[in-house]
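Structure file entry05.cif with mmCIF, C-alpha atoms (C1' of nucleotides):
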```
data_query
#
loop_
_atom_site.label_atom_id
_atom_site.label_comp_id
_atom_site.auth_asym_id
_atom_site.auth_seq_id
_atom_site.Cartn_x
_atom_site.Cartn_y
_atom_site.Cartn_z
CA MET E 1 -1.12 -34.33 2.74
CA HIS E 2 1.50 -36.62 1.26
CA TYR E 3 2.70 -37.88 -2.07
CA SER E 4 1.27 -41.33 -2.44
CA SER E 5 3.76 -43.50 -4.26
CA GLU E 6 2.62 -47.01 -3.46
CA SER E 7 1.83 -47.84 -7.06
CA LEU E 8 5.21 -46.69 -8.37
CA VAL E 9 8.10 -48.96 -9.24
CA PHE E 10 11.34 -47.55 -7.86
CA THR E 11 14.98 -48.08 -8.62
CA PRO E 12 16.91 -49.68 -5.73
CA TRP E 13 18.13 -47.38 -2.96
CA ARG E 14 21.62 -46.11 -3.73
CA SER E 15 24.08 -44.00 -1.83
CA LEU E 16 24.36 -40.44 -3.12
CA GLY E 17 28.05 -40.75 -2.49
CA ALA E 18 28.33 -37.39 -0.81
CA ASN E 19 29.92 -36.78 2.54
CA THR E 20 27.06 -35.30 4.54
CA SER E 21 26.49 -35.02 8.25
CA PHE E 22 22.73 -34.87 8.42
CA SER E 23 20.70 -35.77 11.48
CA ASP E 24 16.98 -36.51 11.22
CA ARG E 25 16.35 -33.03 12.46
CA SER E 26 18.74 -31.16 10.17
CA LEU E 27 17.54 -33.14 7.15
CA ALA E 28 13.93 -32.30 7.97
CA GLU E 29 14.88 -28.69 8.50
CA THR E 30 16.74 -28.60 5.18
CA LEU E 31 13.94 -30.13 3.14
CA ASP E 32 10.92 -28.80 5.00
CA GLY E 33 12.10 -25.83 7.02
CA GLY E 34 11.10 -22.97 4.77
CA GLN E 35 13.55 -23.03 1.87
CA ALA E 36 11.79 -25.63 -0.29
CA PHE E 37 8.08 -26.37 -0.32
CA ARG E 38 7.68 -29.61 -2.21
CA TRP E 39 9.09 -32.26 0.12
CA ARG E 40 6.92 -34.66 2.08
CA LEU E 41 7.87 -37.02 4.90
CA ASN E 42 6.74 -40.59 4.24
CA GLU E 43 5.59 -42.97 6.92
CA SER E 44 8.76 -45.00 6.47
CA GLY E 45 10.84 -41.95 7.38
CA SER E 46 12.02 -41.29 3.83
CA TRP E 47 11.30 -38.01 2.01
CA THR E 48 9.68 -37.51 -1.39
CA GLY E 49 10.56 -34.33 -3.23
CA ILE E 50 9.83 -32.61 -6.52
CA TRP E 51 11.73 -30.02 -8.52
CA GLY E 52 11.47 -29.36 -12.21
CA GLN E 53 10.27 -32.57 -13.83
CA ASN E 54 12.09 -34.59 -11.19
CA LEU E 55 10.63 -36.76 -8.48
CA VAL E 56 12.98 -38.44 -6.04
CA GLU E 57 12.95 -40.11 -2.67
CA VAL E 58 15.77 -39.72 -0.18
CA CYS E 59 16.43 -41.27 3.21
CA LEU E 60 19.09 -41.11 5.84
CA GLN E 61 21.52 -43.97 6.36
CA GLY E 62 23.57 -42.89 9.33
CA GLU E 63 24.64 -39.38 8.37
CA ARG E 64 24.63 -40.10 4.63
CA LEU E 65 21.87 -39.81 2.09
CA GLU E 66 20.51 -42.60 -0.06
CA TRP E 67 18.20 -41.94 -2.95
CA ARG E 68 15.96 -43.65 -5.48
CA ARG E 69 13.56 -42.62 -8.23
CA PRO E 70 10.46 -44.01 -9.90
CA LYS E 71 11.61 -45.92 -12.98
CA GLN E 72 9.71 -43.66 -15.36
CA VAL E 73 11.45 -40.54 -13.99
CA SER E 74 14.76 -39.92 -15.67
CA VAL E 75 16.57 -37.83 -13.04
CA ASN E 76 20.20 -38.84 -12.57
CA ARG E 77 22.60 -38.72 -9.66
CA GLU E 78 24.39 -35.59 -10.90
CA GLU E 79 21.15 -33.63 -10.88
CA VAL E 80 20.40 -34.73 -7.34
CA LEU E 81 23.90 -33.77 -6.24
CA ARG E 82 23.48 -30.37 -7.84
CA TYR E 83 20.15 -29.86 -6.08
CA PHE E 84 21.74 -30.60 -2.73
CA ALA E 85 24.57 -28.21 -3.59
CA PHE E 86 27.41 -30.31 -2.23
CA ASP E 87 30.07 -27.96 -3.47
CA PRO E 88 32.11 -26.64 -1.74
CA PRO E 89 32.44 -29.29 1.00
CA TYR E 90 30.38 -28.66 4.11
CA GLU E 91 33.38 -28.36 6.41
CA GLU E 92 34.76 -25.51 4.34
CA ILE E 93 31.48 -23.62 4.54
CA ILE E 94 31.14 -24.20 8.27
CA ASP E 95 34.72 -23.13 8.81
CA GLU E 96 34.02 -19.74 7.27
CA LEU E 97 31.08 -18.92 9.50
CA PRO E 98 31.98 -16.78 12.53
CA TRP E 99 30.85 -19.26 15.18
CA ARG E 100 34.13 -18.91 17.05
CA SER E 101 33.22 -15.39 18.04
CA ASP E 102 29.43 -15.69 17.87
CA ARG E 103 28.02 -17.80 20.66
CA PHE E 104 24.50 -17.28 19.42
CA LEU E 105 25.31 -18.71 16.00
CA ALA E 106 27.44 -21.48 17.50
CA ASN E 107 24.50 -22.66 19.57
CA ALA E 108 22.18 -22.78 16.54
CA MET E 109 24.83 -24.63 14.55
CA GLU E 110 25.13 -27.28 17.24
CA ARG E 111 21.40 -27.83 17.41
CA PHE E 112 21.05 -28.22 13.64
CA HIS E 113 24.36 -29.73 12.67
CA GLY E 114 24.25 -30.84 9.06
CA LEU E 115 21.76 -28.20 7.88
CA ARG E 116 22.30 -27.14 4.27
CA ILE E 117 21.18 -24.65 1.66
CA LEU E 118 19.64 -26.32 -1.40
CA ARG E 119 20.04 -25.17 -4.99
CA GLN E 120 16.56 -25.19 -6.47
CA PRO E 121 15.56 -24.12 -9.98
CA LEU E 122 15.54 -20.32 -9.82
CA GLY E 123 12.13 -19.96 -11.42
CA GLU E 124 10.56 -22.26 -8.86
CA ALA E 125 12.20 -20.53 -5.92
CA LEU E 126 11.00 -17.19 -7.24
CA PHE E 127 7.48 -18.50 -7.62
CA ALA E 128 7.30 -20.00 -4.14
CA PHE E 129 8.64 -16.89 -2.43
CA LEU E 130 6.40 -14.65 -4.48
CA LEU E 131 3.57 -16.53 -2.78
CA SER E 132 5.25 -16.47 0.62
CA THR E 133 4.37 -12.99 1.79
CA VAL E 134 2.24 -13.10 4.93
CA LYS E 135 1.97 -16.88 4.67
CA SER E 136 3.21 -19.72 6.86
CA ILE E 137 5.17 -22.68 5.51
CA PRO E 138 2.16 -25.07 5.38
CA GLN E 139 0.16 -22.42 3.54
CA ILE E 140 2.93 -21.86 0.97
CA LYS E 141 3.17 -25.62 0.43
CA GLU E 142 -0.56 -25.79 -0.11
CA LEU E 143 -0.51 -22.97 -2.67
CA CYS E 144 2.35 -24.63 -4.58
CA GLU E 145 0.45 -27.89 -4.53
CA LEU E 146 -2.75 -26.34 -5.84
CA THR E 147 -0.92 -24.48 -8.59
CA ALA E 148 1.00 -27.57 -9.67
CA LYS E 149 -2.10 -29.71 -9.76
CA LYS E 150 -3.98 -27.15 -11.81
CA TYR E 151 -1.35 -25.91 -14.25
CA GLY E 152 1.67 -28.19 -13.98
CA GLU E 153 2.64 -31.26 -15.97
CA GLU E 154 1.93 -34.65 -14.51
CA ILE E 155 5.23 -36.32 -13.60
CA VAL E 156 3.78 -39.64 -12.45
CA PRO E 157 0.09 -40.38 -11.93
CA GLY E 158 -1.33 -37.87 -9.45
CA ILE E 159 1.90 -35.95 -8.90
CA TYR E 160 2.52 -32.70 -10.76
CA ALA E 161 5.45 -30.40 -11.47
CA LEU E 162 5.12 -26.69 -10.85
CA PRO E 163 4.09 -24.87 -14.03
CA THR E 164 6.77 -23.00 -15.95
CA TRP E 165 6.60 -19.20 -16.01
CA GLU E 166 5.75 -19.52 -19.68
CA ARG E 167 2.66 -21.45 -18.69
CA LEU E 168 1.83 -19.03 -15.90
CA ALA E 169 1.92 -16.16 -18.37
CA ARG E 170 -1.19 -17.68 -19.96
CA VAL E 171 -3.15 -17.79 -16.70
CA SER E 172 -5.35 -14.88 -15.69
CA GLU E 173 -5.21 -13.10 -12.36
CA LYS E 174 -8.78 -14.10 -11.76
CA GLU E 175 -8.00 -17.78 -12.16
CA LEU E 176 -5.11 -17.50 -9.72
CA ARG E 177 -7.28 -15.72 -7.20
CA ALA E 178 -9.67 -18.62 -7.45
CA LEU E 179 -6.70 -20.78 -6.47
CA LYS E 180 -6.49 -18.90 -3.15
CA LEU E 181 -3.42 -16.88 -4.08
CA GLY E 182 -5.17 -13.70 -2.94
CA TYR E 183 -3.43 -10.42 -3.72
CA ARG E 184 -0.34 -12.44 -4.76
CA ALA E 185 -2.20 -13.43 -7.94
CA LYS E 186 -1.46 -10.03 -9.45
CA TYR E 187 2.26 -10.37 -8.63
CA VAL E 188 2.36 -13.71 -10.41
CA THR E 189 0.58 -12.61 -13.58
CA GLN E 190 2.52 -9.35 -13.86
CA THR E 191 5.84 -11.05 -13.16
CA ALA E 192 5.02 -13.77 -15.68
CA ARG E 193 4.36 -11.10 -18.29
CA MET E 194 7.67 -9.36 -17.63
CA LEU E 195 9.59 -12.63 -17.73
CA ALA E 196 7.98 -13.51 -21.04
CA GLU E 197 9.52 -10.38 -22.53
CA GLU E 198 12.94 -11.25 -21.17
CA PRO E 199 13.77 -14.85 -22.09
CA ASP E 200 17.28 -14.67 -20.60
CA PHE E 201 16.16 -13.19 -17.29
CA PHE E 202 16.99 -16.17 -15.09
CA SER E 203 20.34 -17.00 -16.67
CA GLU E 204 21.34 -13.35 -16.39
CA VAL E 205 20.41 -13.30 -12.71
CA GLU E 206 22.42 -16.46 -12.08
CA GLU E 207 25.49 -15.04 -13.80
CA ALA E 208 25.29 -11.56 -12.29
CA THR E 209 26.94 -10.49 -9.06
CA TYR E 210 24.81 -10.62 -5.95
CA GLU E 211 24.04 -6.89 -5.96
CA GLN E 212 23.20 -6.78 -9.66
CA ALA E 213 21.06 -9.88 -9.43
CA ARG E 214 19.19 -8.53 -6.42
CA GLY E 215 18.41 -5.28 -8.18
CA LYS E 216 17.22 -7.14 -11.26
CA LEU E 217 14.88 -9.34 -9.28
CA MET E 218 13.49 -6.41 -7.31
CA LYS E 219 12.20 -4.86 -10.53
CA LEU E 220 9.64 -7.65 -10.69
CA PRO E 221 6.26 -6.79 -9.15
CA GLY E 222 5.88 -8.36 -5.73
CA VAL E 223 9.61 -8.85 -5.27
CA GLY E 224 11.15 -6.78 -2.49
CA GLY E 225 14.42 -7.33 -0.69
CA LYS E 226 13.36 -10.36 1.29
CA VAL E 227 11.80 -12.28 -1.58
CA ALA E 228 14.76 -11.42 -3.82
CA ASP E 229 17.22 -12.68 -1.21
CA CYS E 230 15.31 -15.95 -0.81
CA ALA E 231 15.25 -16.51 -4.57
CA LEU E 232 18.95 -15.72 -4.83
CA LEU E 233 19.96 -17.88 -1.88
CA PHE E 234 17.81 -20.91 -2.54
CA GLY E 235 17.60 -20.71 -6.33
CA ALA E 236 20.69 -18.98 -7.67
CA GLY E 237 23.53 -20.13 -5.44
CA LYS E 238 24.13 -16.62 -4.06
CA ARG E 239 25.11 -17.82 -0.63
CA GLU E 240 25.97 -14.41 0.72
CA ALA E 241 22.29 -13.43 0.54
CA PHE E 242 20.85 -12.89 4.01
CA PRO E 243 17.04 -12.83 3.85
CA VAL E 244 15.50 -10.89 6.71
CA ASP E 245 11.97 -11.80 7.66
CA THR E 246 10.20 -11.00 10.89
CA TRP E 247 11.72 -14.04 12.63
CA ILE E 248 15.25 -13.07 11.73
CA ALA E 249 14.52 -9.46 12.62
CA LYS E 250 13.50 -10.64 16.08
CA VAL E 251 16.65 -12.73 16.45
CA MET E 252 18.81 -9.80 15.40
CA ALA E 253 17.00 -7.55 17.87
CA SER E 254 17.21 -9.89 20.86
CA GLY E 255 20.41 -11.81 20.14
CA TYR E 256 22.51 -9.11 18.51
CA GLY E 257 21.19 -5.93 20.10
CA LEU E 258 19.95 -4.57 16.77
CA LYS E 259 16.59 -3.38 17.98
CA ASP E 260 14.65 -1.00 15.68
CA TRP E 261 17.03 -1.54 12.76
CA ARG E 262 15.49 -1.31 9.33
CA LEU E 263 15.19 -4.54 7.39
CA GLU E 264 17.65 -3.42 4.71
CA GLN E 265 20.16 -2.50 7.40
CA LEU E 266 19.77 -5.91 9.03
CA ALA E 267 20.34 -7.62 5.68
CA ALA E 268 23.51 -5.60 5.14
CA PHE E 269 24.66 -6.35 8.69
CA GLY E 270 24.04 -10.05 8.12
CA ARG E 271 26.12 -10.14 4.96
CA ALA E 272 28.95 -8.24 6.62
CA HIS E 273 28.95 -10.15 9.89
CA PHE E 274 28.40 -13.68 8.57
CA GLY E 275 30.33 -13.34 5.33
CA ARG E 276 30.44 -15.38 2.13
CA PHE E 277 27.98 -17.98 3.43
CA ALA E 278 25.70 -15.65 5.35
CA GLY E 279 22.65 -17.42 3.96
CA LEU E 280 23.49 -20.62 5.81
CA ALA E 281 24.01 -18.68 9.02
CA GLN E 282 20.58 -17.15 8.48
CA GLN E 283 19.08 -20.61 8.05
CA PHE E 284 20.68 -21.84 11.28
CA LEU E 285 19.32 -18.86 13.19
CA PHE E 286 15.94 -19.24 11.54
CA SER E 287 15.70 -22.92 12.48
CA ALA E 288 16.77 -22.22 16.03
CA VAL E 289 14.27 -19.44 16.65
CA ARG E 290 11.48 -21.40 15.02
CA GLU E 291 12.23 -24.39 17.21
CA LYS E 292 12.13 -22.20 20.29
CA GLN E 293 8.85 -20.65 19.21
CA GLN E 294 7.21 -24.04 18.68
CA GLY E 295 8.55 -25.18 22.02
CA THR E 296 6.87 -22.34 23.86
CA LYS E 297 3.61 -22.87 22.00
CA ALA E 298 3.32 -26.59 22.73
"C1'" DC C 1 14.41 9.23 2.59
"C1'" DC C 2 10.86 7.59 6.18
"C1'" DG C 3 6.41 5.76 7.99
"C1'" DC C 4 2.11 3.83 7.36
"C1'" DA C 5 -2.28 1.61 5.62
"C1'" DG C 6 -4.11 -1.70 2.62
"C1'" DC C 7 -3.96 -5.99 0.51
"C1'" DC C 8 -6.39 -11.79 0.15
"C1'" DT C 9 -7.17 -15.27 3.20
"C1'" DC C 10 -6.74 -17.95 7.06
"C1'" DC C 11 -5.72 -18.77 11.78
"C1'" DC C 12 -5.65 -17.79 16.48
"C1'" DC C 13 -7.29 -15.63 20.25
"C1'" DT C 14 -10.73 -13.83 23.19
"C1'" DA S 1 -19.45 -18.63 19.53
"C1'" DA S 2 -18.72 -14.87 16.68
"C1'" DG S 3 -15.63 -11.30 15.57
"C1'" DG S 4 -11.40 -8.80 15.64
"C1'" DG S 5 -6.32 -8.77 15.16
"C1'" DG S 6 -2.41 -10.16 12.91
"C1'" DA S 7 0.42 -13.28 9.95
"C1'" DG S 8 7.76 -15.77 7.58
"C1'" DG S 9 6.14 -8.66 2.63
"C1'" DC S 10 5.24 -5.40 -0.97
"C1'" DT S 11 3.38 -1.24 -2.87
"C1'" DG S 12 1.75 3.29 -3.07
"C1'" DC S 13 0.87 7.31 -0.69
#
```
With the file now loaded, output its structure as C-alpha cells.
Amino acid sequence: MHYSSESLVFTPWRSLGANTSFSDRSLAETLDGGQAFRWRLNESGSWTGIWGQNLVEVCLQGERLEWRRPKQVSVNREEVLRYFAFDPPYEEIIDELPWRSDRFLANAMERFHGLRILRQPLGEALFAFLLSTVKSIPQIKELCELTAKKYGEEIVPGIYALPTWERLARVSEKELRALKLGYRAKYVTQTARMLAEEPDFFSEVEEATYEQARGKLMKLPGVGGKVADCALLFGAGKREAFPVDTWIAKVMASGYGLKDWRLEQLAAFGRAHFGRFAGLAQQFLFSAVREKQQGTKA
DNA sequence: CCGCAGCCTCCCCT
DNA sequence: AAGGGGAGGCTGC
C-alpha cells in the first residue's frame, strides 16, 4: 500500500530550514510509529504524507528535512513547519526530560535520537485514535485509508483527504460498519453528532488547560483517558499528555517497578515524572519497547 | 470506587 | 487445518 505519485508534477525539493536531528530511524518512527497514520515510505526513501487538504513529500538530507509538494496542492512552508511542531527548539525539549536521572529513558532517547511529536489537525487525530482501540498500526492506517477514499475529498487523482466531522455526521453507523470499523462505528457516528452541536468544540479544547481539555474530550463516546491523551498530544499541542496503552503499561511495570498500577495512575505518574514534555518521553519509551518486541519476534 | 465481560474484526497460535 | 484466544480501549454492569 503506497501513495502512487508518478503522474504528479512536483515543486523542486527545498530545505524546510529547520534545525532537526533526524536519523532514518527516528524520522520513520515519527511519521509512521503510531502517532500519525497517513504517511507512506516511497521506494526512493522519501515519505508522502497527508493532513487536512495537504499532500507533501519529505526526505532526509543529512539530519535535515527537505520537502516538496505537487504543484496543484497549495500547502506552504509555514504549514509544514507547524505540522512538524518545531517550536520550541528540540534541544530545549530534550533538556527538560529527566534522562540524567533515568537510565531507562536515556537509553531510549539514544536509540531514537531526533524523534519528535507532530502537531496534527485535532479532528483528524481524534478520528484516528477513536478507531485505534484494539487495533494495530497497520490496521488503523487501513481504516483511515478506507474512510478517506469513501468519504473524503480527492486532493490529487486517487489520493483523498480524511472526511471532516461535518461530513461524518451524515454517515450512518451501518455504512461505517460496512467499512470494517466494527464497534467503533457507533463511537464515530455518536461523536460526530455531538460535535455537530458544538461548533467550537475543537478550538475550545485547544485553548483549554490540559485537564479541562481532557475532561471535555472524555465526554465524547468512545473517548477514554488513553484516546483523549493521544488526541491532546498529537493534535492539540498538549505535550504534557502521557498516553498509557498496554505497551507503556508494560514498560512502566518492568522498567519502573510500577506493576499492577491502574492506567490512570500510570498516566499521572508519567506526567509528574517526565514533566512538561512527558508525551515525547512516552514516545521514546514506546518506540524502544516496540523495537524490542519486533526484535524478539523476528 | 473497583473489577469484569462484551464488543467488531482480524491475526496468530496451536 | 480449523478453531480458540487475544489484540496499542471503552462502556456498562
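When atom CA of Leu233 of chain E is paired with atom CA of Glu29 of chain E, their separation reads 15.8 Å.
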Next on the checklist: Please check the contacts: residues of chain S at most 10 Å away from chain E, using all atoms listed in the file, listed as a VMD selection string.
Outcome noted: chain S and resid 6 to 11
Item to check | chain E contacts to chain C at 9 Å (all atoms listed in the file) as a count of residues only | outcome: 7
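Going from atom CA of Trp67 of chain E over to atom CA of Tyr160 of chain E, you cover 19.8 Å.
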Checklist entry - For this file, the PyMOL selection byres ((chain E and resi 48) around 6) selects which residues, as a PyMOL selection string? => result chain E and resi 39-40+47+49+56-57
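Across the model, the gap from atom CA of Ala228 of chain E to atom CA of Arg214 of chain E is 5.9 Å.
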Checklist entry - Out of E:Glu207, E:Glu124, E:Glu153, E:Glu240, which residue has the shortest atom-to-atom distance to Arg276 of chain E when counting all atoms listed in the file? => result E:Glu240
Box along x, y and z, 6 Å on every side, all listed atoms of segment 6-9 of chain S inside: centre and edge lengths in Å to one decimal, as lines of an AutoDock Vina configuration file.
```
center_x = 2.7
center_y = -12.2
center_z = 7.8
size_x = 22.2
size_y = 19.1
size_z = 22.3
```
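When only C-alpha atoms are used to measure the gap to Val75 of chain E, the shortest distance among E:Ile155, E:Cys144, E:Ala36, E:Ala196 belongs to E:Ile155.
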Next on the checklist: Translate the PyMOL selection byres ((chain E and resi 146) around 10) into a concrete residue list for this structure, as a PyMOL selection string.
Outcome noted: chain E and resi 140-145+147-152+160+162+176+179-181
Next on the checklist: Taking the file as I've supplied it (selection: the PyMOL selection byres ((chain E and resi 190) around 10)), which residues are included? Please answer as a PyMOL selection string.
Outcome noted: chain E and resi 168-169+172-173+185-189+191-196+220-222
Next on the checklist: I'd like to know which of E:Glu63, E:Glu166, E:Asp24, E:Asp229 is closest to Gly215 of chain E, using all atoms listed in the file.
Outcome noted: E:Asp229
For Glu78 of chain E, please output as a compact mmCIF listing (two decimals) with C-alpha atoms, in the frame of the given file all residues within 12 Å (counting only C-alpha atoms (C1' of nucleotides); exclusion window: fewer than 6 positions along the same chain).
```txt
# COMPACT_ATOMS: atom_id res chain seq x y z
CA LEU E 16 24.36 -40.44 -3.12
CA GLY E 17 28.05 -40.75 -2.49
CA ALA E 18 28.33 -37.39 -0.81
CA TRP E 67 18.20 -41.94 -2.95
CA PHE E 84 21.74 -30.60 -2.73
CA ALA E 85 24.57 -28.21 -3.59
CA PHE E 86 27.41 -30.31 -2.23
```
Would you kindly place N, CA and C atoms on segment 125-151 of chain E and return the model as a short mmCIF file (atom, residue, chain, number, x, y, z; two decimals), in the coordinates of the input?
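Done, and the output landed in result11.cif:
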```cif
data_model
loop_
_atom_site.label_atom_id
_atom_site.label_comp_id
_atom_site.auth_asym_id
_atom_site.auth_seq_id
_atom_site.Cartn_x
_atom_site.Cartn_y
_atom_site.Cartn_z
N ALA E 125 11.97 -21.24 -7.18
CA ALA E 125 12.20 -20.53 -5.92
C ALA E 125 11.51 -19.17 -5.96
N LEU E 126 11.66 -18.49 -7.09
CA LEU E 126 11.00 -17.19 -7.24
C LEU E 126 9.49 -17.33 -7.07
N PHE E 127 8.93 -18.31 -7.71
CA PHE E 127 7.48 -18.50 -7.62
C PHE E 127 7.05 -18.73 -6.18
N ALA E 128 7.70 -19.66 -5.51
CA ALA E 128 7.30 -20.00 -4.14
C ALA E 128 7.40 -18.79 -3.22
N PHE E 129 8.48 -18.01 -3.36
CA PHE E 129 8.64 -16.89 -2.43
C PHE E 129 7.80 -15.69 -2.82
N LEU E 130 7.36 -15.66 -4.08
CA LEU E 130 6.40 -14.65 -4.48
C LEU E 130 5.06 -14.91 -3.77
N LEU E 131 4.81 -16.17 -3.48
CA LEU E 131 3.57 -16.53 -2.78
C LEU E 131 3.73 -16.45 -1.27
N SER E 132 4.97 -16.25 -0.80
CA SER E 132 5.25 -16.47 0.62
C SER E 132 4.86 -15.32 1.53
N THR E 133 4.58 -14.15 0.93
CA THR E 133 4.37 -12.99 1.79
C THR E 133 3.12 -13.17 2.65
N VAL E 134 3.31 -12.96 3.95
CA VAL E 134 2.24 -13.10 4.93
C VAL E 134 1.60 -14.49 4.85
N LYS E 135 2.44 -15.49 4.68
CA LYS E 135 1.97 -16.88 4.67
C LYS E 135 2.92 -17.73 5.50
N SER E 136 2.37 -18.77 6.12
CA SER E 136 3.21 -19.72 6.86
C SER E 136 3.66 -20.83 5.93
N ILE E 137 4.63 -21.61 6.36
CA ILE E 137 5.17 -22.68 5.51
C ILE E 137 4.08 -23.65 5.02
N PRO E 138 3.21 -24.16 5.88
CA PRO E 138 2.16 -25.07 5.38
C PRO E 138 1.26 -24.41 4.34
N GLN E 139 1.01 -23.13 4.50
CA GLN E 139 0.16 -22.42 3.54
C GLN E 139 0.87 -22.28 2.19
N ILE E 140 2.17 -21.98 2.22
CA ILE E 140 2.93 -21.86 0.97
C ILE E 140 2.96 -23.21 0.26
N LYS E 141 3.16 -24.28 1.03
CA LYS E 141 3.17 -25.62 0.43
C LYS E 141 1.84 -25.92 -0.25
N GLU E 142 0.77 -25.55 0.42
CA GLU E 142 -0.56 -25.79 -0.11
C GLU E 142 -0.78 -25.02 -1.42
N LEU E 143 -0.34 -23.76 -1.45
CA LEU E 143 -0.51 -22.97 -2.67
C LEU E 143 0.31 -23.55 -3.82
N CYS E 144 1.52 -23.99 -3.54
CA CYS E 144 2.35 -24.63 -4.58
C CYS E 144 1.65 -25.88 -5.11
N GLU E 145 1.13 -26.64 -4.18
CA GLU E 145 0.45 -27.89 -4.53
C GLU E 145 -0.75 -27.63 -5.44
N LEU E 146 -1.57 -26.67 -5.05
CA LEU E 146 -2.75 -26.34 -5.84
C LEU E 146 -2.37 -25.86 -7.24
N THR E 147 -1.34 -25.00 -7.30
CA THR E 147 -0.92 -24.48 -8.59
C THR E 147 -0.38 -25.59 -9.48
N ALA E 148 0.43 -26.47 -8.89
CA ALA E 148 1.00 -27.57 -9.67
C ALA E 148 -0.10 -28.47 -10.22
N LYS E 149 -1.02 -28.80 -9.36
CA LYS E 149 -2.10 -29.71 -9.76
C LYS E 149 -2.93 -29.11 -10.89
N LYS E 150 -3.11 -27.80 -10.83
CA LYS E 150 -3.98 -27.15 -11.81
C LYS E 150 -3.27 -26.83 -13.12
N TYR E 151 -2.01 -26.40 -13.04
CA TYR E 151 -1.35 -25.91 -14.25
C TYR E 151 -0.05 -26.62 -14.60
#
```
